[in-house]
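> I'd like to ask some things about the structure below.
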Amino acid sequence: MAMFLGLNTMIRGIYVNQTALNTTGHNIVNADTEGYSRQSVNIATTVSEERSSQYGNISVGTGADVQSITRSRDIFADVQYRDETSTAKYYETLSTNYDKLEVIFDDSEGDGLQSRILDFYQAWVGLSTEASNASNRVNAIEKGKNLADAILTATEQLQEQIDYNYYYMNMNLKDVDDILEDITKANKLIVAAEANGSTANDLRDRRDLLVDKLSEYMPVRIAEDQYGNYQITSGGTTLVNGVDRLHLVSSRGIESKYFGVDYEVSDFSIAVQESSVIFLPNNGILQANLDAVDHCKQMLDSLADIAGFLLTTFNDQHRQGYDLYGKQKGLTEMVQKKNAATGATYYEKHTWYYVKAGSEGGNFDTDTTLDGTVYYKRVEDGKGAYTTELVDIDTARNRNYVDSDCVKVADTINFFGEANATYKFGYDEDWNTNVVYAWNDDGTYTKLSGAGIISQLKIADQLNTNEGYMHVGAATAYGNESDYSAVSSLYGEQVVDSDTYYSRIIDWGERTGDGTNAVFLSELFNMSRETIMTAGRSNAFYVNRYANDFKDQLNSIGGQSINSFYISSVTQLAVDTASVDTRIEQQDAIMTQIQNWRSAANGVDWNEELTNMLKYQKGFIACSRCLNTMNECLDSLVNIM
């Protein structure tokens, strides 16, 4: 057999170089294949053959053989790539949502919500100078309609965007499910292929590519067992364990109002189908889908706060003015009470009138002889029964006695919402959100939040009639003097607005051209609470003292003007959008660096592969020629012998 040793050595050489050439060709062909890792042939010497010689035994080499074919892969680079991919896809998905939000609130053409607010403000400014002009009154109504329609339209678009994000999330969950299924199949094939000790390089590339795709949707962590199976974990949940896996699904839709704020949409979450446990992605496309919904809701909250301001503070100011009918009435308020025995909460309807002493049966709307020296308080218990009580002026002014100011007000309807409804601002501490209470005459109320507040935003029906302009309360019902505490003759016409300021009710007197209340209304668009307080003006900021009960917030927009609040909201949107765009640019730079790093490890280098091709080709040829030479020598030896 020793005479054939050289032949065997050369045959091994031919096989080794042929395998190396095949691997080089495989690399070249797959240079542009997504997820492919460059493969290398690992060559090792074969066992030497022992021979005897006059100097002792010697070892004669028997050639080389292919030990293995392995992938070039940097595990650390893979981990970095997948982590950064989740972050990159998160911001890219958020950017798409912000682009839509910018379109919804775009006012570059002068037809957005900002312009509607400005138009409504200018309508009241115009009405303040020419209050007797019917066209100015109609203009204020029309601009109010446009503003309400713009807010309702933006709300509908935001709700559609929320639905789109949930739809997109469901589509992504379907993709995730397919990827997880393919990974489990790849696990099974790899274990079977490597049972004989080989390495299933191409199958492993395919599986790693699937993991790369999965990392776009959520952060992933990989662990490999002794058989070659991948165990994939995300958010503390093991999604794949060998050939077993979990299924991520969208939960059943639940109306948003059950989560504290009514956005008039159905909310969804991501759940593990096998256990119904909520799954939290924490990053990637799926987390961006959920966060995009929250961003839409934040803008809905801003619209709801503006709508709540119009329904409460703006309406309250409007009702403090005279319309063209010039009527007056007593103040009606809902007062919360608590049953001392049961602790149950109930509400009483308190109606205050000015009456002559001893004439508690007088009717405020018809009795023209009232001297205003005594309050007549009528208390309804919410069941139709009522009691009456006479209260002198000083007692009524005592805040420890009454729940709110006792005032004689103009009989003017709401501008927005139901004409005679009572809308009151509130704060829900449990859900950390602003709400509006819509009171009914029987002392019951409806608690409104989110889109539920916006849905109430319409022009009062009476304003939509042919004589609707008559109901616009442009004239003031209050004077603007600062202190009447020392003028006893004015007690009957005095109303306490705060601890330091007092105002005097002014008779109607056919003041059709008085636009003072229109001035007060216009101030709500561009003057903050502090500015109005400094000016000592008598308007809804004082008469409605919400700050006493609700975390020192004066109203749903926190004491800002409407214009300032809206601008701050859209400015924050612009800042958030720019911030996301910046993060995308930064993340692109990081991804480029990691991809270059990764490619250096597993990418196919054409120059290197061509060099290898020439090297292995020369080796193949050399082994072939050597084999031929040995064959000729052997042939000559056999023939001679």
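Each chain in the structure tokens gets a letter, A, B and so on, in the order shown; residues start at 1 in every chain, and ligands are counted from 1 in the order they appear.
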Need the shell around Gly473 in chain A: protein/DNA/RNA residues with any atom at most 10 Å away, counting only C-alpha atoms. Skip same-chain ones fewer than 4 positions apart. Format as a compact mmCIF listing (two decimals) with C-alpha atoms, in the first residue's frame?


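Result file is selection.txt:
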```txt
# COMPACT_ATOMS: atom_id res chain seq x y z
CA ALA A 131 -72.77 95.32 18.70
CA ARG A 137 -73.80 89.08 15.29
CA GLN A 317 -68.89 84.64 30.12
CA HIS A 318 -71.46 84.75 27.32
CA ARG A 319 -74.30 84.19 29.77
CA GLN A 320 -73.11 87.08 31.90
CA GLY A 321 -73.88 89.43 29.04
CA TYR A 322 -77.24 90.76 27.85
CA ASP A 323 -78.68 89.57 24.57
CA LEU A 324 -81.00 91.85 22.57
CA TYR A 325 -83.96 90.74 24.73
CA GLY A 326 -82.30 92.23 27.83
CA ALA A 410 -78.58 88.24 32.54
CA ASP A 411 -80.98 85.70 31.05
CA THR A 412 -78.69 84.74 28.15
CA ILE A 413 -78.29 81.25 26.67
CA ASN A 414 -75.10 79.28 26.13
CA PHE A 415 -73.29 80.00 22.88
CA TYR A 469 -78.51 86.78 16.28
CA ALA A 477 -74.43 93.01 32.61
CA ASP A 514 -72.91 97.95 24.06
CA GLY A 515 -70.21 95.45 23.12
CA THR A 516 -68.39 95.28 26.45
CA ASN A 517 -69.18 91.60 26.99
CA ALA A 518 -67.92 90.94 23.47
CA LEU A 521 -65.23 87.20 25.30
```

> Show me, as a ChimeraX atom specification, the residues that have an atom within 7 Å of Ser561 in chain A when counting only C-alpha atoms, minus same-chain residues fewer than 6 positions from it.

/A:524-528

> So, counting only C-alpha atoms, which residue among A:Phe268, A:Tyr217, A:Trp431, A:Tyr230 is closest to Ile183 in chain A?

A:Tyr230

> Rounded to one decimal in Å, what is the spacing between CA of Asp83 in chain A and CA of Arg598 in chain A?

13.4 Å

> Between CA of Asp212 in chain A and CA of Ser37 in chain A, measure the distance and give it in Å to one decimal.

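These two atoms are separated by 13.4 Å.
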
> Please determine, counting only C-alpha atoms, which residue among A:Thr153, A:Asn289, A:Gln159, A:Asn133 has the shortest atom-to-atom distance to Met171 in chain A.

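Using only C-alpha atoms, Met171 in chain A sits closest to A:Asn289.
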
> In Å, with one decimal, what is the gap from CA of Asn187 in chain A to CA of Val79 in chain A?

19.1 Å

> May I ask which of the residues A:Leu627, A:Ile454, A:Leu101, A:Val519 is the closest one to Gly126 in chain A, counting only C-alpha atoms?

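When distances to Gly126 in chain A are compared using only C-alpha atoms, the smallest one comes from A:Val519.
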
> Nearest to Gln157 in chain A among A:Met218, A:Val66, A:Val60, A:Ile104, with distances taken over only C-alpha atoms: which residue is it?

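With only C-alpha atoms as the atom set, the closest residue is A:Ile104.
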
> Which residues are near Leu147 in chain A? Cut-off 12 Å, only C-alpha atoms, ignore same chain within fewer than 6 positions. Put them as a JSON list (two decimals) with N, CA and C atoms, in the first residue's frame.


```json
[["chain", "number", "residue", "atom", "x", "y", "z"],
["A", 111, "ASP", "N", -56.38, 77.60, 6.25],
["A", 111, "ASP", "CA", -57.70, 76.98, 6.37],
["A", 111, "ASP", "C", -57.72, 75.93, 7.49],
["A", 112, "GLY", "N", -56.75, 76.03, 8.41],
["A", 112, "GLY", "CA", -56.68, 75.08, 9.51],
["A", 112, "GLY", "C", -57.37, 75.58, 10.76],
["A", 113, "LEU", "N", -57.20, 74.83, 11.83],
["A", 113, "LEU", "CA", -57.86, 75.15, 13.09],
["A", 113, "LEU", "C", -57.37, 76.48, 13.66],
["A", 114, "GLN", "N", -56.08, 76.77, 13.49],
["A", 114, "GLN", "CA", -55.54, 78.04, 13.98],
["A", 114, "GLN", "C", -56.26, 79.22, 13.34],
["A", 115, "SER", "N", -56.53, 79.12, 12.05],
["A", 115, "SER", "CA", -57.24, 80.20, 11.35],
["A", 115, "SER", "C", -58.68, 80.31, 11.83],
["A", 116, "ARG", "N", -59.31, 79.15, 12.13],
["A", 116, "ARG", "CA", -60.69, 79.18, 12.62],
["A", 116, "ARG", "C", -60.76, 79.87, 13.98],
["A", 117, "ILE", "N", -59.76, 79.62, 14.83],
["A", 117, "ILE", "CA", -59.71, 80.30, 16.13],
["A", 117, "ILE", "C", -59.54, 81.80, 15.94],
["A", 118, "LEU", "N", -58.64, 82.18, 15.04],
["A", 118, "LEU", "CA", -58.40, 83.60, 14.78],
["A", 118, "LEU", "C", -59.65, 84.28, 14.21],
["A", 119, "ASP", "N", -60.33, 83.60, 13.29],
["A", 119, "ASP", "CA", -61.55, 84.17, 12.71],
["A", 119, "ASP", "C", -62.62, 84.39, 13.77],
["A", 120, "PHE", "N", -62.76, 83.42, 14.67],
["A", 120, "PHE", "CA", -63.77, 83.54, 15.72],
["A", 120, "PHE", "C", -63.42, 84.70, 16.66],
["A", 121, "TYR", "N", -62.15, 84.83, 16.97],
["A", 121, "TYR", "CA", -61.69, 85.94, 17.81],
["A", 121, "TYR", "C", -61.98, 87.28, 17.13],
["A", 123, "ALA", "N", -64.20, 87.95, 14.97],
["A", 123, "ALA", "CA", -65.64, 88.20, 14.91],
["A", 123, "ALA", "C", -66.11, 88.89, 16.19],
["A", 140, "ALA", "N", -70.43, 86.35, 14.03],
["A", 140, "ALA", "CA", -69.90, 85.66, 15.21],
["A", 140, "ALA", "C", -70.46, 84.24, 15.30],
["A", 141, "ILE", "N", -71.74, 84.10, 14.97],
["A", 141, "ILE", "CA", -72.37, 82.76, 15.00],
["A", 141, "ILE", "C", -71.73, 81.86, 13.95],
["A", 153, "THR", "N", -63.90, 68.05, 12.97],
["A", 153, "THR", "CA", -63.21, 67.41, 11.84],
["A", 153, "THR", "C", -61.85, 66.88, 12.27],
["A", 154, "ALA", "N", -61.08, 67.70, 13.00],
["A", 154, "ALA", "CA", -59.77, 67.25, 13.49],
["A", 154, "ALA", "C", -59.93, 66.04, 14.41],
["A", 303, "LEU", "N", -57.69, 69.12, 22.10],
["A", 303, "LEU", "CA", -58.95, 69.58, 21.49],
["A", 303, "LEU", "C", -60.08, 69.52, 22.50],
["A", 306, "ILE", "N", -59.88, 72.48, 24.79],
["A", 306, "ILE", "CA", -60.39, 73.70, 24.14],
["A", 306, "ILE", "C", -61.91, 73.66, 24.10],
["A", 307, "ALA", "N", -62.46, 72.49, 23.73],
["A", 307, "ALA", "CA", -63.92, 72.35, 23.69],
["A", 307, "ALA", "C", -64.51, 72.54, 25.08],
["A", 310, "LEU", "N", -64.64, 76.19, 25.91],
["A", 310, "LEU", "CA", -65.74, 76.88, 25.22],
["A", 310, "LEU", "C", -67.08, 76.56, 25.87],
["A", 416, "PHE", "N", -72.38, 77.75, 23.01],
["A", 416, "PHE", "CA", -72.08, 76.39, 22.55],
["A", 416, "PHE", "C", -72.87, 75.38, 23.38],
["A", 454, "ILE", "N", -65.98, 66.95, 23.15],
["A", 454, "ILE", "CA", -66.00, 67.56, 21.82],
["A", 454, "ILE", "C", -67.33, 67.32, 21.13],
["A", 457, "LEU", "N", -69.85, 69.99, 21.38],
["A", 457, "LEU", "CA", -69.48, 71.30, 20.86],
["A", 457, "LEU", "C", -70.25, 71.60, 19.57],
["A", 458, "LYS", "N", -71.30, 72.33, 19.73],
["A", 458, "LYS", "CA", -72.09, 72.80, 18.58],
["A", 458, "LYS", "C", -72.66, 74.15, 18.96],
["A", 459, "ILE", "N", -73.12, 74.88, 17.97],
["A", 459, "ILE", "CA", -73.80, 76.14, 18.25],
["A", 459, "ILE", "C", -75.18, 75.84, 18.82],
["A", 562, "ILE", "N", -57.17, 80.88, 24.81],
["A", 562, "ILE", "CA", -57.40, 79.81, 23.83],
["A", 562, "ILE", "C", -56.27, 79.76, 22.82]]
```

> Using only C-alpha atoms, which of A:Leu180, A:Ile453, A:Leu203, A:Ile278 sits nearest Val261 in chain A?

A:Ile453

> I'd like the contact shell of Tyr90 in chain A - 12 Å cut-off, only C-alpha atoms, skipping same-chain residues fewer than 6 positions apart - returned as a list in words.

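Those residues are Asp83, Glu84, Thr96, Asn97, Ser215, Glu216, Tyr217, Met218, Pro219, Pro281, Asn282, Asn283, Gly284, Ile285, Leu286, Gln287, Ala288, Asn289, Leu290, Asp291, Ala292, Val580, Asp581, Arg583, Ile584 and Gln587 of chain A.
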